[in-house]
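To start, the structure itself, in C-alpha cells.
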Amino acid sequence: MVTNADIGVIGGSGLYSLLDDAAEVEITTPYGPPSDAVTVGRIGSRSVAFLPRHGRDHRFPPHLIPYRANLWALRSLGVRQILAPSAVGSLRPELGPGALVVPDQLVDRTSGRPQSYYDAGGVVHVAFADPYCPAGRATAVSTARSAGWDVTEDGTLVVIEGPRFSTRAESRWFTSNGWTIVGMTGFPESVLARELALCYTTLSLVTDHDAGVEAGEGVTHEEVLAFFAANVTRMRSLIADVVTALPEERACPCSHALDGLRLPFELPG
Ligand SMILES: [Zn+2]
C-alpha cells in the first residue's frame with residue numbers, strides 16, 4: 001500500500017476514480033482534521049494524494065474549509081506539488097462556460113479566514129508576488145491546449161469570501177479592475193501552499209458569467225453544480241494528463257520559498 005505521494009490534488013469528489021491502487025489515509029494535524037480522509041494512489045507512474053476540498057459529502061462551504069489542515073496533511077504525506085481544480089465565474093463576456101483559465105495572479109477579497117501558519121513563535125513573511133508555480137502553470141497550459149481545451153494562459157482570479165455570490169456592482173468593479181475570474185476557494189489555499197514551500201497550480205473551469213457581466217438573474221448554485229457535473233469527465237482526464245506531465249524534479253522557485261527564514265517549527269513530511 002502506498003502511503004506517501006509526490007503530487008496532491010485538491011478538488012471535487014468526482015475525482016476519486018482517477019486513482020489506481022487507492023488507499024485511504026486518516027490524518028490529524030496541529031490544525032485539526034482535513035476536509036476528509038486523504039486517498040493515496042497512482043496515476044500512471046506518479047504517486048498522488050487526493051483530498052476532496054469540501055469533504056466527500058460537501059459539508060464544508062468555501063468559507064469554512066479547513067485550509068490549513070488540508071495543506072499540512074498533504075505535505076505530511078510527502079506532497080510537494082499541488083494541482084487545484086475549481087469552478088469559477090467569468091468576469092469577461094468572451095470567456096464563457098467551458099473555458100479553462102490558468103491564472104497567474106490573484107486578488108484576495110476574503111475576510112476572517114485563517115491564512116497563515118506563522119501566527120506565533122516568530123515573524124515569517126513569504127514572497128507572494130507570483131502566487132502560482134510557473135512550472136505547474138506551463139505544464140497545465142500546454143497539456144490543456146494539446147487536449148483541445150479553450151485555455152486562457154494567464155489572468156487574475158479574485159477570491160471572494162462567499163458563500164454568497166457577487167452583487168452586480170461588485171462584479172462590475174472586479175471587471176473594471178481588469179480581473180478575469182471570480183471564485184471562493186483559491187485563497188488562502190494558495191498562500192498556505194507557499195508557506196509550506198509547495199508548488200501550487202490552479203485549473204479554473206468557467207461555469208457561468210458573474211452577475212455584472214450579463215443582465216438576468218445572476219448565477220445560481222444549481223447552475224454551477226449542473227455545469228460542473230456535466231464537465232467532470234473532461235476535467236478528470238485533464239487532471240490525469242497534467243499530473244503525469246508535471247516535472248519529476250522541481251526546478252521552480254517554490255521549493256525555496258522559505259530559504260533564509262527562521263521558522264518556528266519543522267515542516268511536516
Ligand atoms: Zn513550483
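So you can find residues: chains in the C-alpha cells are A, B, ... in the order shown, residues in each start at 1, and ligands are numbered from 1 in order.
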Closest atom pairs, residues of chain A within 9 Å of ligand 1, only C-alpha atoms and all ligand atoms, as JSON lines:
```
{"residue": "A:Arg80", "atom": "CA", "partner": "ligand 1", "partner_atom_place_in_ligand_line": "1 (Zn)", "distance": 8.4}
{"residue": "A:Gln81", "atom": "CA", "partner": "ligand 1", "partner_atom_place_in_ligand_line": "1 (Zn)", "distance": 6.9}
{"residue": "A:Ile82", "atom": "CA", "partner": "ligand 1", "partner_atom_place_in_ligand_line": "1 (Zn)", "distance": 8.9}
{"residue": "A:Tyr132", "atom": "CA", "partner": "ligand 1", "partner_atom_place_in_ligand_line": "1 (Zn)", "distance": 7.4}
{"residue": "A:Cys133", "atom": "CA", "partner": "ligand 1", "partner_atom_place_in_ligand_line": "1 (Zn)", "distance": 4.0}
{"residue": "A:Pro134", "atom": "CA", "partner": "ligand 1", "partner_atom_place_in_ligand_line": "1 (Zn)", "distance": 6.1}
{"residue": "A:Ala135", "atom": "CA", "partner": "ligand 1", "partner_atom_place_in_ligand_line": "1 (Zn)", "distance": 5.7}
{"residue": "A:Gly136", "atom": "CA", "partner": "ligand 1", "partner_atom_place_in_ligand_line": "1 (Zn)", "distance": 6.2}
{"residue": "A:Arg137", "atom": "CA", "partner": "ligand 1", "partner_atom_place_in_ligand_line": "1 (Zn)", "distance": 8.8}
{"residue": "A:Ala197", "atom": "CA", "partner": "ligand 1", "partner_atom_place_in_ligand_line": "1 (Zn)", "distance": 8.4}
{"residue": "A:Leu198", "atom": "CA", "partner": "ligand 1", "partner_atom_place_in_ligand_line": "1 (Zn)", "distance": 6.7}
{"residue": "A:Cys199", "atom": "CA", "partner": "ligand 1", "partner_atom_place_in_ligand_line": "1 (Zn)", "distance": 3.8}
{"residue": "A:Tyr200", "atom": "CA", "partner": "ligand 1", "partner_atom_place_in_ligand_line": "1 (Zn)", "distance": 6.6}
{"residue": "A:Thr201", "atom": "CA", "partner": "ligand 1", "partner_atom_place_in_ligand_line": "1 (Zn)", "distance": 8.2}
{"residue": "A:Arg250", "atom": "CA", "partner": "ligand 1", "partner_atom_place_in_ligand_line": "1 (Zn)", "distance": 6.4}
{"residue": "A:Ala251", "atom": "CA", "partner": "ligand 1", "partner_atom_place_in_ligand_line": "1 (Zn)", "distance": 7.2}
{"residue": "A:Cys252", "atom": "CA", "partner": "ligand 1", "partner_atom_place_in_ligand_line": "1 (Zn)", "distance": 4.6}
{"residue": "A:Pro253", "atom": "CA", "partner": "ligand 1", "partner_atom_place_in_ligand_line": "1 (Zn)", "distance": 5.9}
{"residue": "A:Cys254", "atom": "CA", "partner": "ligand 1", "partner_atom_place_in_ligand_line": "1 (Zn)", "distance": 4.3}
{"residue": "A:Ser255", "atom": "CA", "partner": "ligand 1", "partner_atom_place_in_ligand_line": "1 (Zn)", "distance": 6.6}
```
Residues from last step as file, N, CA, C and O atoms, as a PDB file, in the first residue's frame:
```
ATOM      1  N   ARG A  80       4.686  17.608  -2.700  1.00  0.00           N
ATOM      2  CA  ARG A  80       5.412  18.858  -2.935  1.00  0.00           C
ATOM      3  C   ARG A  80       4.798  19.696  -4.042  1.00  0.00           C
ATOM      4  O   ARG A  80       5.121  20.873  -4.173  1.00  0.00           O
ATOM      5  N   GLN A  81       3.951  19.080  -4.877  1.00  0.00           N
ATOM      6  CA  GLN A  81       3.283  19.842  -5.942  1.00  0.00           C
ATOM      7  C   GLN A  81       1.778  19.636  -5.811  1.00  0.00           C
ATOM      8  O   GLN A  81       1.327  18.506  -5.675  1.00  0.00           O
ATOM      9  N   ILE A  82       1.048  20.745  -5.873  1.00  0.00           N
ATOM     10  CA  ILE A  82      -0.406  20.681  -5.714  1.00  0.00           C
ATOM     11  C   ILE A  82      -1.089  21.149  -6.990  1.00  0.00           C
ATOM     12  O   ILE A  82      -0.722  22.186  -7.555  1.00  0.00           O
ATOM     13  N   TYR A 132       1.517  31.612  -8.110  1.00  0.00           N
ATOM     14  CA  TYR A 132       1.399  30.258  -8.658  1.00  0.00           C
ATOM     15  C   TYR A 132       2.739  29.738  -9.151  1.00  0.00           C
ATOM     16  O   TYR A 132       3.623  30.509  -9.515  1.00  0.00           O
ATOM     17  N   CYS A 133       2.851  28.411  -9.186  1.00  0.00           N
ATOM     18  CA  CYS A 133       4.087  27.775  -9.647  1.00  0.00           C
ATOM     19  C   CYS A 133       4.243  27.965 -11.163  1.00  0.00           C
ATOM     20  O   CYS A 133       3.368  27.544 -11.924  1.00  0.00           O
ATOM     21  N   PRO A 134       5.338  28.573 -11.611  1.00  0.00           N
ATOM     22  CA  PRO A 134       5.498  28.785 -13.053  1.00  0.00           C
ATOM     23  C   PRO A 134       5.613  27.474 -13.841  1.00  0.00           C
ATOM     24  O   PRO A 134       5.085  27.372 -14.959  1.00  0.00           O
ATOM     25  N   ALA A 135       6.238  26.482 -13.256  1.00  0.00           N
ATOM     26  CA  ALA A 135       6.391  25.198 -13.960  1.00  0.00           C
ATOM     27  C   ALA A 135       5.040  24.481 -14.051  1.00  0.00           C
ATOM     28  O   ALA A 135       4.678  23.920 -15.095  1.00  0.00           O
ATOM     29  N   GLY A 136       4.291  24.517 -12.975  1.00  0.00           N
ATOM     30  CA  GLY A 136       2.963  23.899 -12.971  1.00  0.00           C
ATOM     31  C   GLY A 136       2.036  24.574 -13.963  1.00  0.00           C
ATOM     32  O   GLY A 136       1.290  23.908 -14.690  1.00  0.00           O
ATOM     33  N   ARG A 137       2.099  25.912 -14.025  1.00  0.00           N
ATOM     34  CA  ARG A 137       1.237  26.647 -14.961  1.00  0.00           C
ATOM     35  C   ARG A 137       1.594  26.298 -16.403  1.00  0.00           C
ATOM     36  O   ARG A 137       0.722  26.055 -17.228  1.00  0.00           O
ATOM     37  N   ALA A 197       6.212  25.908   1.215  1.00  0.00           N
ATOM     38  CA  ALA A 197       7.164  25.722   0.100  1.00  0.00           C
ATOM     39  C   ALA A 197       6.694  24.673  -0.903  1.00  0.00           C
ATOM     40  O   ALA A 197       7.490  23.926  -1.466  1.00  0.00           O
ATOM     41  N   LEU A 198       5.378  24.630  -1.106  1.00  0.00           N
ATOM     42  CA  LEU A 198       4.805  23.707  -2.083  1.00  0.00           C
ATOM     43  C   LEU A 198       4.544  24.431  -3.399  1.00  0.00           C
ATOM     44  O   LEU A 198       4.254  25.625  -3.406  1.00  0.00           O
ATOM     45  N   CYS A 199       4.624  23.712  -4.508  1.00  0.00           N
ATOM     46  CA  CYS A 199       4.172  24.225  -5.796  1.00  0.00           C
ATOM     47  C   CYS A 199       2.648  24.192  -5.799  1.00  0.00           C
ATOM     48  O   CYS A 199       2.052  23.215  -5.339  1.00  0.00           O
ATOM     49  N   TYR A 200       2.024  25.227  -6.337  1.00  0.00           N
ATOM     50  CA  TYR A 200       0.569  25.280  -6.360  1.00  0.00           C
ATOM     51  C   TYR A 200       0.110  25.820  -7.712  1.00  0.00           C
ATOM     52  O   TYR A 200       0.534  26.898  -8.136  1.00  0.00           O
ATOM     53  N   THR A 201      -0.725  25.032  -8.375  1.00  0.00           N
ATOM     54  CA  THR A 201      -1.235  25.417  -9.695  1.00  0.00           C
ATOM     55  C   THR A 201      -2.734  25.226  -9.703  1.00  0.00           C
ATOM     56  O   THR A 201      -3.224  24.169  -9.292  1.00  0.00           O
ATOM     57  N   ARG A 250      11.750  19.337  -9.014  1.00  0.00           N
ATOM     58  CA  ARG A 250      11.346  20.744  -9.019  1.00  0.00           C
ATOM     59  C   ARG A 250      12.537  21.660  -9.310  1.00  0.00           C
ATOM     60  O   ARG A 250      13.520  21.657  -8.567  1.00  0.00           O
ATOM     61  N   ALA A 251      12.408  22.464 -10.394  1.00  0.00           N
ATOM     62  CA  ALA A 251      13.444  23.439 -10.714  1.00  0.00           C
ATOM     63  C   ALA A 251      12.894  24.863 -10.581  1.00  0.00           C
ATOM     64  O   ALA A 251      13.562  25.832 -10.900  1.00  0.00           O
ATOM     65  N   CYS A 252      11.636  24.973 -10.102  1.00  0.00           N
ATOM     66  CA  CYS A 252      10.964  26.268  -9.964  1.00  0.00           C
ATOM     67  C   CYS A 252      11.363  26.912  -8.635  1.00  0.00           C
ATOM     68  O   CYS A 252      11.969  26.259  -7.785  1.00  0.00           O
ATOM     69  N   PRO A 253      11.001  28.192  -8.412  1.00  0.00           N
ATOM     70  CA  PRO A 253      11.393  28.854  -7.160  1.00  0.00           C
ATOM     71  C   PRO A 253      10.632  28.374  -5.918  1.00  0.00           C
ATOM     72  O   PRO A 253      11.041  28.673  -4.792  1.00  0.00           O
ATOM     73  N   CYS A 254       9.525  27.633  -6.095  1.00  0.00           N
ATOM     74  CA  CYS A 254       8.621  27.335  -4.971  1.00  0.00           C
ATOM     75  C   CYS A 254       9.319  26.634  -3.806  1.00  0.00           C
ATOM     76  O   CYS A 254       9.040  26.920  -2.641  1.00  0.00           O
ATOM     77  N   SER A 255      10.238  25.716  -4.130  1.00  0.00           N
ATOM     78  CA  SER A 255      10.883  24.948  -3.060  1.00  0.00           C
ATOM     79  C   SER A 255      11.804  25.832  -2.207  1.00  0.00           C
ATOM     80  O   SER A 255      12.215  25.431  -1.122  1.00  0.00           O
TER      81      SER A 255
END
```
Give me every helix (DSSP H, G or I) residue in stretch 34-267 of chain A, going by DSSP on the backbone, as a PyMOL selection string.
chain A and resi 62-64+67-76+134-146+168-176+186-195+221-230+232-245+253-256
At a cut-off of 8 Å, using only C-alpha atoms, what residues contact stretch 89-96 of chain A? Leave out same-chain residues fewer than 5 positions from it and give the result as a PyMOL selection string.
chain A and resi 171+174-175+179-183+206-210+212-214
With N, CA, C and O atoms retained, could you export that selection as a short mmCIF file (atom, residue, chain, number, x, y, z; two decimals), in the first residue's frame?
```
data_model
loop_
_atom_site.label_atom_id
_atom_site.label_comp_id
_atom_site.auth_asym_id
_atom_site.auth_seq_id
_atom_site.Cartn_x
_atom_site.Cartn_y
_atom_site.Cartn_z
N SER A 171 -19.33 42.86 -9.03
CA SER A 171 -18.88 42.16 -10.22
C SER A 171 -18.38 43.15 -11.29
O SER A 171 -17.34 42.95 -11.91
N PHE A 174 -15.01 44.42 -10.19
CA PHE A 174 -13.95 43.44 -10.46
C PHE A 174 -13.54 43.52 -11.94
O PHE A 174 -12.36 43.53 -12.28
N THR A 175 -14.57 43.57 -12.81
CA THR A 175 -14.29 43.62 -14.25
C THR A 175 -13.54 44.89 -14.62
O THR A 175 -12.57 44.86 -15.38
N TRP A 179 -9.76 42.31 -13.74
CA TRP A 179 -9.67 40.95 -13.23
C TRP A 179 -10.46 40.01 -14.13
O TRP A 179 -11.35 40.44 -14.87
N THR A 180 -10.16 38.72 -14.09
CA THR A 180 -10.63 37.80 -15.12
C THR A 180 -11.74 36.86 -14.65
O THR A 180 -12.72 36.66 -15.35
N ILE A 181 -11.53 36.26 -13.49
CA ILE A 181 -12.46 35.24 -12.99
C ILE A 181 -12.65 35.42 -11.49
O ILE A 181 -11.81 36.02 -10.81
N VAL A 182 -13.74 34.87 -10.99
CA VAL A 182 -14.04 35.01 -9.56
C VAL A 182 -14.38 33.64 -8.98
O VAL A 182 -15.07 32.84 -9.60
N GLY A 183 -13.81 33.36 -7.80
CA GLY A 183 -14.05 32.08 -7.13
C GLY A 183 -14.06 32.27 -5.61
O GLY A 183 -13.91 33.40 -5.12
N VAL A 206 -14.49 27.68 -16.04
CA VAL A 206 -15.58 28.67 -16.04
C VAL A 206 -16.90 27.92 -16.15
O VAL A 206 -17.11 27.13 -17.06
N THR A 207 -17.79 28.20 -15.17
CA THR A 207 -19.10 27.54 -15.18
C THR A 207 -20.22 28.51 -15.57
O THR A 207 -21.32 28.09 -15.89
N ASP A 208 -19.94 29.81 -15.50
CA ASP A 208 -21.01 30.79 -15.70
C ASP A 208 -20.38 32.17 -15.81
O ASP A 208 -19.20 32.34 -15.52
N HIS A 209 -21.19 33.16 -16.19
CA HIS A 209 -20.75 34.55 -16.12
C HIS A 209 -21.17 35.13 -14.78
O HIS A 209 -22.26 34.86 -14.30
N ASP A 210 -20.30 35.93 -14.17
CA ASP A 210 -20.63 36.55 -12.89
C ASP A 210 -21.74 37.59 -13.10
O ASP A 210 -22.02 38.01 -14.22
N GLY A 212 -22.28 40.72 -12.90
CA GLY A 212 -22.17 42.01 -13.59
C GLY A 212 -22.00 41.88 -15.09
O GLY A 212 -22.10 42.85 -15.82
N VAL A 213 -21.72 40.67 -15.56
CA VAL A 213 -21.36 40.51 -16.97
C VAL A 213 -22.61 40.44 -17.85
O VAL A 213 -22.62 40.92 -18.97
N GLU A 214 -23.68 39.89 -17.33
CA GLU A 214 -24.89 39.71 -18.14
C GLU A 214 -26.08 40.25 -17.38
O GLU A 214 -26.12 40.21 -16.16
#
```
Please compute the atom CA of A:Phe187-atom CA of A:Glu24 distance, one decimal, in Å.
26.1 Å
Of A:Ser111, A:Val242, A:Arg145, A:Pro97, the one nearest to A:Val224 when counting only C-alpha atoms is A:Pro97
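Residue neighbourhood of A:Pro103, excluding near-sequence residues (fewer than 6 positions): A:Tyr132, A:Thr152, A:Glu153, A:Asp154, A:Gly155, A:Thr156, A:Leu157, A:Thr202, A:Leu203, A:Ser204, at 8 Å, using only C-alpha atoms.
Of note, atom CA of A:Gly98 and atom CA of A:Asp20 are spaced 27.4 Å apart.
Remark: for A:Pro62, the closest of the candidate residues A:Arg75, A:Arg164, A:Arg46, A:Arg109 is A:Arg164 (distances computed over only C-alpha atoms).
Of the residues in stretch 132-257 of chain A, those given strand (DSSP E or B) by DSSP on the backbone are Val151, Thr152, Thr156, Leu157, Val158, Val159, Ile160, Ile181, Val182, Gly183, Cys199, Tyr200, Thr201, Thr202, Leu203, Ser204, Leu205, Val206, Thr207, Asp208 and His209 of chain A.
The gap separating atom CA of A:Glu195 from atom CA of A:Tyr118 is 8.4 Å, in Å to one decimal.
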Looking at only C-alpha atoms, which of A:Leu192, A:Val219, A:Val48, A:Ile43 is the one that sits closest to A:Asp241?
A:Ile43
Taking only C-alpha atoms into account, which of A:Asp57, A:Ala87, A:Ser116, A:Val141 comes nearest A:Val232?
A:Ala87
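Considering the residues A:Val159, A:Val102, A:Ala169, A:Ala138 and counting only C-alpha atoms, A:Pro247 has its shortest atom-to-atom contact with A:Ala138.
With only C-alpha atoms as the atoms that count, the minimum distance from A:Gly269 to the choices A:Thr28, A:Ser47, A:Ser76, A:Ser166 is reached by A:Ser76.
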Do a neighbour search on A:Ala49 at 7 Å with only C-alpha atoms, toss out local chain neighbours closer than 4 positions, and write the hits as a list in words.
Ala5, Ile7, Gly8, Val9, Val38, Thr39, Val40 and Gly41 of chain A
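Summary of the local environment: counting only C-alpha atoms, residues at most 10 Å from A:Tyr16, other than itself and those fewer than 3 positions away along its chain, are Gly11, Gly12, Ser13, Leu19, Asp20, Ala22, Thr39, Val40, Gly41, Phe50, Leu51, Pro52, Arg56 and Arg236 of chain A.
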Suppose we keep C-alpha atoms; can you now write the selection as a short mmCIF file (atom, residue, chain, number, x, y, z; two decimals), in the first residue's frame?
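Wrote it out as selection17.cif, contents follow:
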```
data_model
loop_
_atom_site.label_atom_id
_atom_site.label_comp_id
_atom_site.auth_asym_id
_atom_site.auth_seq_id
_atom_site.Cartn_x
_atom_site.Cartn_y
_atom_site.Cartn_z
CA GLY A 11 -10.81 19.10 -5.88
CA GLY A 12 -14.33 17.79 -6.25
CA SER A 13 -15.29 14.27 -5.21
CA LEU A 19 -6.54 6.85 -8.69
CA ASP A 20 -5.27 3.29 -9.08
CA ALA A 22 -6.04 3.71 -3.88
CA THR A 39 -6.86 8.97 -0.69
CA VAL A 40 -3.40 7.99 -1.86
CA GLY A 41 -2.80 6.08 -5.07
CA PHE A 50 -6.36 13.26 -3.41
CA LEU A 51 -8.30 15.40 -0.95
CA PRO A 52 -11.93 16.43 -1.58
CA ARG A 56 -16.87 13.83 0.48
CA ARG A 236 -10.88 14.29 -14.78
#
```
Show me, as a ChimeraX atom specification, the residues that have an atom within 9 Å of A:Ala245 when counting only C-alpha atoms, minus same-chain residues fewer than 3 positions from it.
/A:139-140,143,240-242,248
Can you spit out the residues from that selection as a PDB file, in the first residue's frame, using N, CA, C and O atoms?
```
ATOM      1  N   THR A 139       2.983  23.626 -17.540  1.00  0.00           N
ATOM      2  CA  THR A 139       2.551  22.250 -17.800  1.00  0.00           C
ATOM      3  C   THR A 139       1.041  22.187 -18.036  1.00  0.00           C
ATOM      4  O   THR A 139       0.559  21.537 -18.976  1.00  0.00           O
ATOM      5  N   ALA A 140       0.291  22.888 -17.190  1.00  0.00           N
ATOM      6  CA  ALA A 140      -1.172  22.876 -17.305  1.00  0.00           C
ATOM      7  C   ALA A 140      -1.617  23.474 -18.638  1.00  0.00           C
ATOM      8  O   ALA A 140      -2.484  22.916 -19.327  1.00  0.00           O
ATOM      9  N   THR A 143      -0.594  21.161 -21.645  1.00  0.00           N
ATOM     10  CA  THR A 143      -1.369  19.915 -21.622  1.00  0.00           C
ATOM     11  C   THR A 143      -2.821  20.167 -22.042  1.00  0.00           C
ATOM     12  O   THR A 143      -3.385  19.428 -22.847  1.00  0.00           O
ATOM     13  N   ALA A 240      -5.642  14.134 -14.920  1.00  0.00           N
ATOM     14  CA  ALA A 240      -4.747  12.969 -15.054  1.00  0.00           C
ATOM     15  C   ALA A 240      -3.594  13.298 -15.991  1.00  0.00           C
ATOM     16  O   ALA A 240      -2.430  12.975 -15.711  1.00  0.00           O
ATOM     17  N   ASP A 241      -3.883  13.977 -17.102  1.00  0.00           N
ATOM     18  CA  ASP A 241      -2.834  14.328 -18.063  1.00  0.00           C
ATOM     19  C   ASP A 241      -1.833  15.313 -17.459  1.00  0.00           C
ATOM     20  O   ASP A 241      -0.626  15.196 -17.665  1.00  0.00           O
ATOM     21  N   VAL A 242      -2.349  16.300 -16.714  1.00  0.00           N
ATOM     22  CA  VAL A 242      -1.440  17.297 -16.130  1.00  0.00           C
ATOM     23  C   VAL A 242      -0.575  16.641 -15.048  1.00  0.00           C
ATOM     24  O   VAL A 242       0.632  16.872 -14.980  1.00  0.00           O
ATOM     25  N   GLU A 248       9.274  15.850 -12.712  1.00  0.00           N
ATOM     26  CA  GLU A 248       9.651  14.893 -11.656  1.00  0.00           C
ATOM     27  C   GLU A 248      10.482  15.576 -10.585  1.00  0.00           C
ATOM     28  O   GLU A 248      10.375  15.272  -9.398  1.00  0.00           O
TER      29      GLU A 248
END
```
